[in-house]
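Engineer: Contents of start_0.tsv (TSV, C-alpha atoms):
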chain	number	residue	atom	x	y	z
A	1	MET	CA	112.43	111.93	88.45
A	2	ILE	CA	114.73	109.36	86.58
A	3	ASP	CA	117.84	110.45	84.64
A	4	THR	CA	116.92	109.96	81.01
A	5	ALA	CA	120.50	110.12	79.80
A	6	ALA	CA	121.28	106.97	81.76
A	7	LEU	CA	119.48	104.64	79.41
A	8	PRO	CA	120.71	103.31	76.09
A	9	SER	CA	118.62	104.16	73.07
A	10	ALA	CA	117.41	101.64	70.56
A	11	LEU	CA	119.54	100.92	67.53
A	12	SER	CA	118.07	102.91	64.62
A	13	PRO	CA	114.36	102.40	65.36
A	14	PRO	CA	111.89	102.98	62.51
A	15	ARG	CA	110.84	106.60	62.11
A	16	ASN	CA	107.26	106.03	63.29
A	17	GLU	CA	108.51	104.20	66.41
A	18	GLU	CA	110.90	107.08	67.14
A	19	ARG	CA	108.01	109.55	66.99
A	20	ILE	CA	106.03	107.37	69.39
A	21	GLY	CA	109.12	107.35	71.63
A	22	PHE	CA	109.25	111.16	71.58
A	23	LEU	CA	105.59	111.32	72.63
A	24	LEU	CA	105.94	108.71	75.39
A	25	VAL	CA	109.04	110.30	76.93
A	26	PHE	CA	107.39	113.72	76.84
A	27	LEU	CA	104.27	112.28	78.48
A	28	SER	CA	106.45	110.73	81.20
A	29	ALA	CA	107.95	114.13	81.98
A	30	LEU	CA	104.45	115.64	81.94
A	31	MET	CA	103.16	113.03	84.42
A	32	TRP	CA	106.16	113.53	86.72
A	33	SER	CA	105.76	117.32	86.60
A	34	LEU	CA	102.27	116.98	88.16
A	35	GLY	CA	103.58	115.51	91.42
A	36	GLY	CA	103.88	118.73	93.39
A	37	THR	CA	100.51	120.01	92.19
A	38	ILE	CA	98.72	116.79	93.17
A	39	ALA	CA	100.46	116.71	96.55
A	40	ARG	CA	99.25	120.22	97.39
A	41	PHE	CA	95.63	118.98	97.17
A	42	ILE	CA	96.20	116.35	99.89
A	43	ASP	CA	95.09	117.41	103.38
A	44	ALA	CA	96.65	114.53	105.36
A	45	GLY	CA	98.97	116.11	107.88
A	46	ASP	CA	101.33	113.16	108.27
A	47	SER	CA	103.84	112.99	105.41
A	48	TRP	CA	104.51	109.31	106.18
A	49	THR	CA	100.85	108.48	105.53
A	50	VAL	CA	101.16	110.18	102.14
A	51	VAL	CA	104.37	108.27	101.38
A	52	PHE	CA	102.68	104.98	102.29
A	53	TRP	CA	99.61	105.34	100.09
A	54	ARG	CA	101.47	106.90	97.19
A	55	SER	CA	103.96	104.01	97.26
A	56	VAL	CA	101.24	101.35	97.59
A	57	TRP	CA	99.31	102.66	94.59
A	58	ALA	CA	102.49	103.07	92.54
A	59	ALA	CA	103.69	99.55	93.38
A	60	ALA	CA	100.30	98.07	92.46
A	61	PHE	CA	100.27	99.89	89.12
A	62	LEU	CA	103.87	98.99	88.24
A	63	LEU	CA	103.30	95.35	89.13
A	64	CYS	CA	100.21	95.22	86.93
A	65	PHE	CA	102.12	96.95	84.13
A	66	MET	CA	104.95	94.40	84.25
A	67	VAL	CA	102.55	91.46	84.37
A	68	TRP	CA	100.65	92.89	81.39
A	69	ARG	CA	103.88	93.45	79.46
A	70	ASP	CA	105.94	90.39	80.45
A	71	GLY	CA	103.50	87.95	82.07
A	72	TRP	CA	103.85	86.49	85.57
A	73	HIS	CA	106.83	84.32	84.63
A	74	GLY	CA	108.63	87.19	82.93
A	75	THR	CA	107.93	89.53	85.84
A	76	LEU	CA	109.35	87.09	88.39
A	77	LYS	CA	112.37	86.59	86.14
A	78	LEU	CA	112.95	90.36	86.05
A	79	PHE	CA	112.88	90.61	89.85
A	80	ARG	CA	115.22	87.63	90.25
A	81	GLY	CA	117.64	89.05	87.69
A	82	MET	CA	118.13	92.44	89.38
A	83	GLY	CA	120.94	91.32	91.67
A	84	LEU	CA	122.66	93.66	94.12
A	85	ALA	CA	122.72	96.45	91.55
A	86	GLY	CA	118.93	96.33	91.30
A	87	LEU	CA	118.61	96.36	95.08
A	88	ALA	CA	120.86	99.44	95.22
A	89	VAL	CA	118.74	101.22	92.60
A	90	ALA	CA	115.59	100.26	94.53
A	91	PHE	CA	117.06	101.68	97.75
A	92	CYS	CA	118.03	104.92	95.99
A	93	PHE	CA	114.56	105.28	94.50
A	94	ALA	CA	112.85	104.51	97.82
A	95	THR	CA	114.96	107.17	99.53
A	96	ALA	CA	114.38	109.74	96.79
A	97	SER	CA	110.62	109.21	96.46
A	98	THR	CA	110.18	109.34	100.24
A	99	SER	CA	112.31	112.47	100.53
A	100	PHE	CA	110.23	114.16	97.82
A	101	VAL	CA	107.01	113.84	99.79
A	102	VAL	CA	108.59	114.86	103.10
A	103	ALA	CA	110.41	117.81	101.49
A	104	LEU	CA	107.12	119.23	100.22
A	105	ALA	CA	106.25	120.07	103.82
A	106	TYR	CA	109.35	122.25	104.16
A	107	THR	CA	110.08	123.90	100.83
A	108	THR	CA	108.57	124.81	97.48
A	109	VAL	CA	107.97	122.45	94.57
A	110	ALA	CA	110.22	124.64	92.42
A	111	ASN	CA	113.14	124.25	94.82
A	112	ILE	CA	112.86	120.45	94.77
A	113	LEU	CA	112.39	120.00	91.03
A	114	LEU	CA	115.00	122.51	89.92
A	115	MET	CA	117.63	120.80	92.07
A	116	GLN	CA	116.69	117.52	90.41
A	117	ALA	CA	117.38	119.07	87.00
A	118	GLY	CA	121.10	118.76	87.67
A	119	VAL	CA	120.97	114.97	88.18
A	120	PRO	CA	122.59	114.02	84.82
A	121	LEU	CA	125.58	116.28	85.52
A	122	LEU	CA	125.89	115.22	89.16
A	123	ALA	CA	125.90	111.64	87.91
A	124	ALA	CA	128.83	112.45	85.65
A	125	LEU	CA	130.64	113.91	88.67
A	126	PHE	CA	130.01	110.77	90.76
A	127	ALA	CA	131.06	108.50	87.88
A	128	TRP	CA	134.36	110.38	87.66
A	129	ALA	CA	134.91	110.32	91.44
A	130	LEU	CA	134.03	106.64	91.91
A	131	PHE	CA	135.11	105.02	88.65
A	132	ARG	CA	137.35	107.62	87.04
A	133	GLU	CA	135.14	107.81	83.99
A	134	ARG	CA	136.38	110.42	81.55
A	135	VAL	CA	134.57	113.77	81.80
A	136	ALA	CA	134.82	116.26	78.95
A	137	VAL	CA	135.80	119.88	79.63
A	138	ALA	CA	132.33	121.07	78.57
A	139	THR	CA	130.77	118.69	81.10
A	140	TRP	CA	133.05	119.97	83.86
A	141	LEU	CA	131.92	123.53	83.08
A	142	ALA	CA	128.28	122.43	83.17
A	143	ILE	CA	128.85	120.62	86.51
A	144	ALA	CA	130.39	123.79	87.95
A	145	ALA	CA	127.36	125.79	86.80
A	146	VAL	CA	124.97	123.28	88.37
A	147	ILE	CA	126.86	123.43	91.68
A	148	ALA	CA	126.71	127.23	91.55
A	149	GLY	CA	122.97	127.17	90.81
A	150	VAL	CA	122.26	124.74	93.64
A	151	ALA	CA	124.38	126.89	95.98
A	152	ILE	CA	122.24	129.91	95.12
A	153	MET	CA	119.05	127.99	95.95
A	154	VAL	CA	120.45	126.45	99.15
A	155	SER	CA	121.77	129.83	100.36
A	156	GLU	CA	118.27	130.72	101.55
A	157	SER	CA	118.45	128.00	104.19
A	158	LEU	CA	121.82	129.30	105.40
A	159	ASP	CA	120.48	132.74	106.31
A	160	GLY	CA	117.28	131.36	107.86
A	161	SER	CA	114.94	132.41	105.03
A	162	VAL	CA	113.68	128.85	104.57
A	163	SER	CA	113.97	125.57	106.44
A	164	PRO	CA	117.30	123.79	105.88
A	165	ILE	CA	115.41	120.48	106.13
A	166	GLY	CA	113.60	121.16	102.83
A	167	ASP	CA	116.76	122.09	100.96
A	168	GLY	CA	118.65	119.20	102.53
A	169	LEU	CA	116.01	116.70	101.40
A	170	ALA	CA	115.86	118.23	97.91
A	171	LEU	CA	119.62	117.84	97.63
A	172	LEU	CA	119.37	114.26	98.93
A	173	ILE	CA	116.86	113.46	96.17
A	174	ALA	CA	119.29	114.68	93.51
A	175	VAL	CA	122.16	112.71	95.05
A	176	MET	CA	120.12	109.49	95.24
A	177	PHE	CA	118.97	109.77	91.63
A	178	SER	CA	122.56	110.51	90.57
A	179	ILE	CA	123.85	107.39	92.30
A	180	ALA	CA	121.06	105.32	90.74
A	181	THR	CA	122.06	106.72	87.36
A	182	VAL	CA	125.69	105.71	87.83
A	183	ILE	CA	124.67	102.19	88.92
A	184	THR	CA	122.37	101.85	85.92
A	185	ARG	CA	125.16	102.88	83.60
A	186	ARG	CA	127.67	100.50	85.16
A	187	PHE	CA	125.22	97.58	85.22
A	188	ALA	CA	123.33	97.84	81.95
A	189	HIS	CA	121.37	94.64	82.66
A	190	VAL	CA	119.47	96.28	85.53
A	191	ARG	CA	115.89	96.89	84.39
A	192	MET	CA	114.48	100.11	85.75
A	193	THR	CA	110.84	99.03	86.15
A	194	PRO	CA	111.28	96.13	88.62
A	195	ALA	CA	113.93	98.01	90.58
A	196	THR	CA	111.64	101.02	90.88
A	197	CYS	CA	108.67	98.80	91.80
A	198	LEU	CA	110.75	97.26	94.57
A	199	GLY	CA	111.72	100.77	95.65
A	200	THR	CA	108.05	101.74	96.07
A	201	MET	CA	107.51	98.59	98.15
A	202	LEU	CA	110.46	99.47	100.40
A	203	ALA	CA	109.18	103.03	100.77
A	204	ALA	CA	105.70	101.78	101.69
A	205	ALA	CA	107.07	99.35	104.27
A	206	PHE	CA	109.23	102.00	105.94
A	207	ALA	CA	106.46	104.62	105.87
A	208	ALA	CA	104.04	102.16	107.50
A	209	SER	CA	106.42	101.86	110.44
A	210	GLN	CA	106.66	105.65	110.82
A	211	ALA	CA	103.09	106.84	110.13
A	212	SER	CA	100.94	107.84	113.10
A	213	ALA	CA	97.86	106.54	111.27
A	214	LEU	CA	97.18	105.12	107.81
A	215	GLY	CA	93.52	106.12	107.55
A	216	VAL	CA	92.71	108.99	105.17
A	217	SER	CA	89.56	110.65	103.86
A	218	SER	CA	88.00	109.64	100.55
A	219	HIS	CA	89.03	113.06	99.20
A	220	ASP	CA	92.67	112.40	100.08
A	221	MET	CA	92.55	108.82	98.80
A	222	GLY	CA	91.49	110.02	95.37
A	223	PHE	CA	94.47	112.35	95.15
A	224	LEU	CA	96.79	109.73	96.67
A	225	PHE	CA	95.68	107.35	93.92
A	226	ALA	CA	96.55	110.00	91.32
A	227	PHE	CA	99.82	110.75	93.13
A	228	GLY	CA	100.88	107.11	92.98
A	229	VAL	CA	99.35	105.87	89.72
A	230	ILE	CA	99.33	108.89	87.39
A	231	ASN	CA	102.32	110.85	88.67
A	232	LEU	CA	104.67	108.02	89.60
A	233	GLY	CA	103.48	104.78	88.01
A	234	LEU	CA	102.14	105.97	84.66
A	235	GLY	CA	105.07	108.35	84.25
A	236	LEU	CA	107.51	105.50	84.69
A	237	ALA	CA	105.52	103.22	82.35
A	238	PHE	CA	105.57	105.88	79.62
A	239	PHE	CA	109.30	106.41	80.13
A	240	ALA	CA	110.23	102.72	80.24
A	241	THR	CA	108.38	102.16	76.96
A	242	GLY	CA	109.53	105.26	75.10
A	243	ALA	CA	113.12	105.86	76.22
A	244	ARG	CA	114.46	102.90	74.23
A	245	LEU	CA	113.02	104.32	71.00
A	246	VAL	CA	114.82	107.69	70.99
A	247	PRO	CA	118.46	108.84	71.26
A	248	ALA	CA	119.65	109.33	74.84
A	249	ALA	CA	120.30	113.06	74.35
A	250	VAL	CA	116.78	113.61	73.00
A	251	ALA	CA	115.28	111.68	75.92
A	252	ALA	CA	117.31	113.84	78.32
A	253	LEU	CA	116.12	116.99	76.57
A	254	LEU	CA	112.47	115.91	76.81
A	255	GLY	CA	113.06	115.02	80.48
A	256	THR	CA	113.85	118.66	81.29
A	257	PHE	CA	110.15	119.45	80.87
A	258	GLU	CA	109.60	118.00	84.37
A	259	PRO	CA	111.55	120.64	86.34
A	260	ILE	CA	110.35	123.36	83.97
A	261	LEU	CA	106.62	122.53	83.99
A	262	GLY	CA	106.36	121.42	87.64
A	263	PRO	CA	106.78	124.88	89.21
A	264	ILE	CA	104.48	126.38	86.55
A	265	TRP	CA	101.57	124.04	87.42
A	266	VAL	CA	101.93	124.79	91.15
A	267	TRP	CA	102.08	128.52	90.46
A	268	LEU	CA	99.00	128.48	88.19
A	269	ILE	CA	96.87	126.15	90.35
A	270	HIS	CA	98.06	126.81	93.92
A	271	SER	CA	99.62	130.29	93.55
A	272	GLU	CA	102.89	128.96	95.01
A	273	VAL	CA	105.49	131.46	93.85
A	274	PRO	CA	109.16	130.41	94.08
A	275	SER	CA	111.60	132.81	95.68
A	276	ALA	CA	113.94	135.01	93.67
A	277	ARG	CA	116.96	132.86	94.58
A	278	THR	CA	115.14	129.70	93.53
A	279	ILE	CA	114.33	131.26	90.16
A	280	VAL	CA	117.89	132.48	89.62
A	281	GLY	CA	119.55	129.29	90.82
A	282	GLY	CA	117.09	127.12	88.91
A	283	ALA	CA	117.66	129.11	85.73
A	284	VAL	CA	121.40	128.51	86.08
A	285	VAL	CA	120.87	124.75	86.57
A	286	VAL	CA	118.39	124.33	83.69
A	287	THR	CA	120.49	126.46	81.32
A	288	ALA	CA	123.62	124.45	82.10
A	289	LEU	CA	121.72	121.21	81.51
A	290	LEU	CA	120.16	122.38	78.23
A	291	VAL	CA	123.48	123.60	76.86
A	292	HIS	CA	125.17	120.36	77.85
A	293	ILE	CA	122.40	118.25	76.27
A	294	GLY	CA	122.54	120.38	73.13
A	295	LEU	CA	126.26	119.78	72.77
A	296	GLU	CA	125.79	116.06	73.42
A	297	PHE	CA	123.01	115.86	70.84
A	298	LYS	CA	125.23	117.64	68.30
A	299	ARG	CA	128.05	115.18	69.04
A	300	GLN	CA	125.76	112.16	68.64
A	301	THR	CA	124.31	113.38	65.34
A	302	ARG	CA	127.59	114.55	63.82
A	303	PRO	CA	128.39	112.59	60.64
A	304	ALA	CA	131.23	110.15	61.11
A	305	ARG	CA	134.40	111.19	59.30
A	306	ALA	CA	137.54	109.14	59.06
A	307	GLY	CA	140.12	110.12	61.63
A	308	VAL	CA	137.82	112.73	63.25
A	309	THR	CA	134.91	111.10	65.11
A	310	GLY	CA	136.45	107.83	66.09
A	311	VAL	CA	136.27	106.21	62.66
A	312	PRO	CA	139.70	104.85	61.74
A	313	SER	CA	141.41	106.54	58.83
A	314	PRO	CA	141.92	104.36	55.75
A	315	ASN	CA	145.54	105.56	55.60
Would you kindly transcribe this structure into structure tokens?
Structural biologist:
Amino acid sequence: MIDTAALPSALSPPRNEERIGFLLVFLSALMWSLGGTIARFIDAGDSWTVVFWRSVWAAAFLLCFMVWRDGWHGTLKLFRGMGLAGLAVAFCFATASTSFVVALAYTTVANILLMQAGVPLLAALFAWALFRERVAVATWLAIAAVIAGVAIMVSESLDGSVSPIGDGLALLIAVMFSIATVITRRFAHVRMTPATCLGTMLAAAFAASQASALGVSSHDMGFLFAFGVINLGLGLAFFATGARLVPAAVAALLGTFEPILGPIWVWLIHSEVPSARTIVGGAVVVTALLVHIGLEFKRQTRPARAGVTGVPSPN
């Protein structure tokens, strides 16, 4: 759900801490991959009711997590220190998390998650367009592949095979996360946890104004709790704790488990089979992302040599 490549890694963490980081980032991707499966168990017909309760439970969990980690004074300091950049990230997250729930009523989980897989590369495209950040040739090729893969998936809505609303919302999710990624990169002081917590609060407030009714059955409330706390809140807590302990490219690689595992869970548990175009387009997107991450990981781990990798030559 959040672009892992957007966050700086810790400076040479101890080996045991790095292993813990690997586990935590993987667990975050695992928690996020369960979102579609949990949502399919919820019977509430109004998507806005689902958005409201999911956001309320997620906000409560994230607030408790920050208070436990930083104390009340530290938590208030984090919220005050977000600035306009934090508000922008919160708005992007509120839009994306709301769109995810609404999109589930119109398209498959695979379609939504596989479009999100291209977020790191779309972020690079936005960073170039808005701030003229340098983009390597390999990244341009990967961006082109992602656009082609998304086009294949979206083509079903153009010929009437599926609802264009679902594909449009899935694409909006990817765009919002990409913009949040660019903002996070440009404003490194923005802490993800408070901005995301604020985003869940904004989503809950807006959903409350749109929902026809907020009452749900005890069955639905149990799954809404899991949807907000386990899928969204716990996933973010794992990520926020572990992402700083591993290299950015490794965190990004572990993050790809979300769009890969998500459709598998829904297929195994709910027998929701993605269409042929979704599989083909998603395979193109995930392959482009994996190749790009592999090249980035190789670049980051390449031994520094004078005059070759940015180290000044002694001559």
Engineer: Kindly give the distance, in Å, that separates atom CA of A:Ala188 and atom CA of A:Arg132, rounded to a single decimal.
Structural biologist: 17.8 Å
Engineer: For A:Gly242, which of A:Pro274, A:Gly21, A:Gly71, A:Gly168 is the closest residue, counting all atoms listed in the file?
Structural biologist: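 Ranking A:Pro274, A:Gly21, A:Gly71, A:Gly168 by distance to A:Gly242, first place goes to A:Gly21.
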Engineer: For A:Phe100, list every protein, DNA or RNA residue within 12 Å, evaluated using all atoms listed in the file, and leave out those in the same chain fewer than 3 positions away; present the list as a PyMOL selection string.
Structural biologist: chain A and resi 1+32+35-36+39+47-48+50-51+54-55+93-97+103-113+115-116+165-174+176-177+203+227+232
Engineer: Grab the atom CA of A:Leu214 to atom CA of A:Gly199 distance for me, in Å with one decimal place.
Structural biologist: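 Rounded to one decimal, the two atoms are 19.4 Å apart.
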Engineer: Leaving out A:Ile264 and any residue of its chain fewer than 5 positions from it, which residues lie within 10 Å of it when counting all atoms listed in the file, given as a PDB file with C-alpha atoms, in the frame of the given file?
Structural biologist:
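Everything below was put into part-v1.pdb:
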ATOM      1  CA  SER A  33     105.760 117.320  86.600  1.00  0.00           C
ATOM      2  CA  LEU A  34     102.270 116.980  88.160  1.00  0.00           C
ATOM      3  CA  THR A  37     100.510 120.010  92.190  1.00  0.00           C
ATOM      4  CA  VAL A 109     107.970 122.450  94.570  1.00  0.00           C
ATOM      5  CA  ALA A 110     110.220 124.640  92.420  1.00  0.00           C
ATOM      6  CA  PRO A 259     111.550 120.640  86.340  1.00  0.00           C
ATOM      7  CA  ILE A 269      96.870 126.150  90.350  1.00  0.00           C
ATOM      8  CA  HIS A 270      98.060 126.810  93.920  1.00  0.00           C
ATOM      9  CA  SER A 271      99.620 130.290  93.550  1.00  0.00           C
ATOM     10  CA  GLU A 272     102.890 128.960  95.010  1.00  0.00           C
ATOM     11  CA  VAL A 273     105.490 131.460  93.850  1.00  0.00           C
ATOM     12  CA  PRO A 274     109.160 130.410  94.080  1.00  0.00           C
TER      13      PRO A 274
END
Engineer: Report the distance between atom CA of A:Ala85 and atom CA of A:Thr184 in Å, rounded to one decimal place.
Structural biologist: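 Atom CA of A:Thr184 lies 7.8 Å from atom CA of A:Ala85.
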Engineer: Considering all atoms listed in the file, can you say which of A:Ile143, A:Leu125, A:Leu245, A:Met82 comes closest to A:Ile20?
Structural biologist: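 Closest candidate: A:Leu245.
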Engineer: Near A:Ser209, within 10 Å and counting only C-alpha atoms, which residues show up once chain neighbours fewer than 3 positions away are dropped, as a list in words?
Structural biologist: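 Here the qualifying residues turn out to be Trp48, Thr49, Phe52, Ala204, Ala205, Phe206, Ser212 and Ala213 of chain A.
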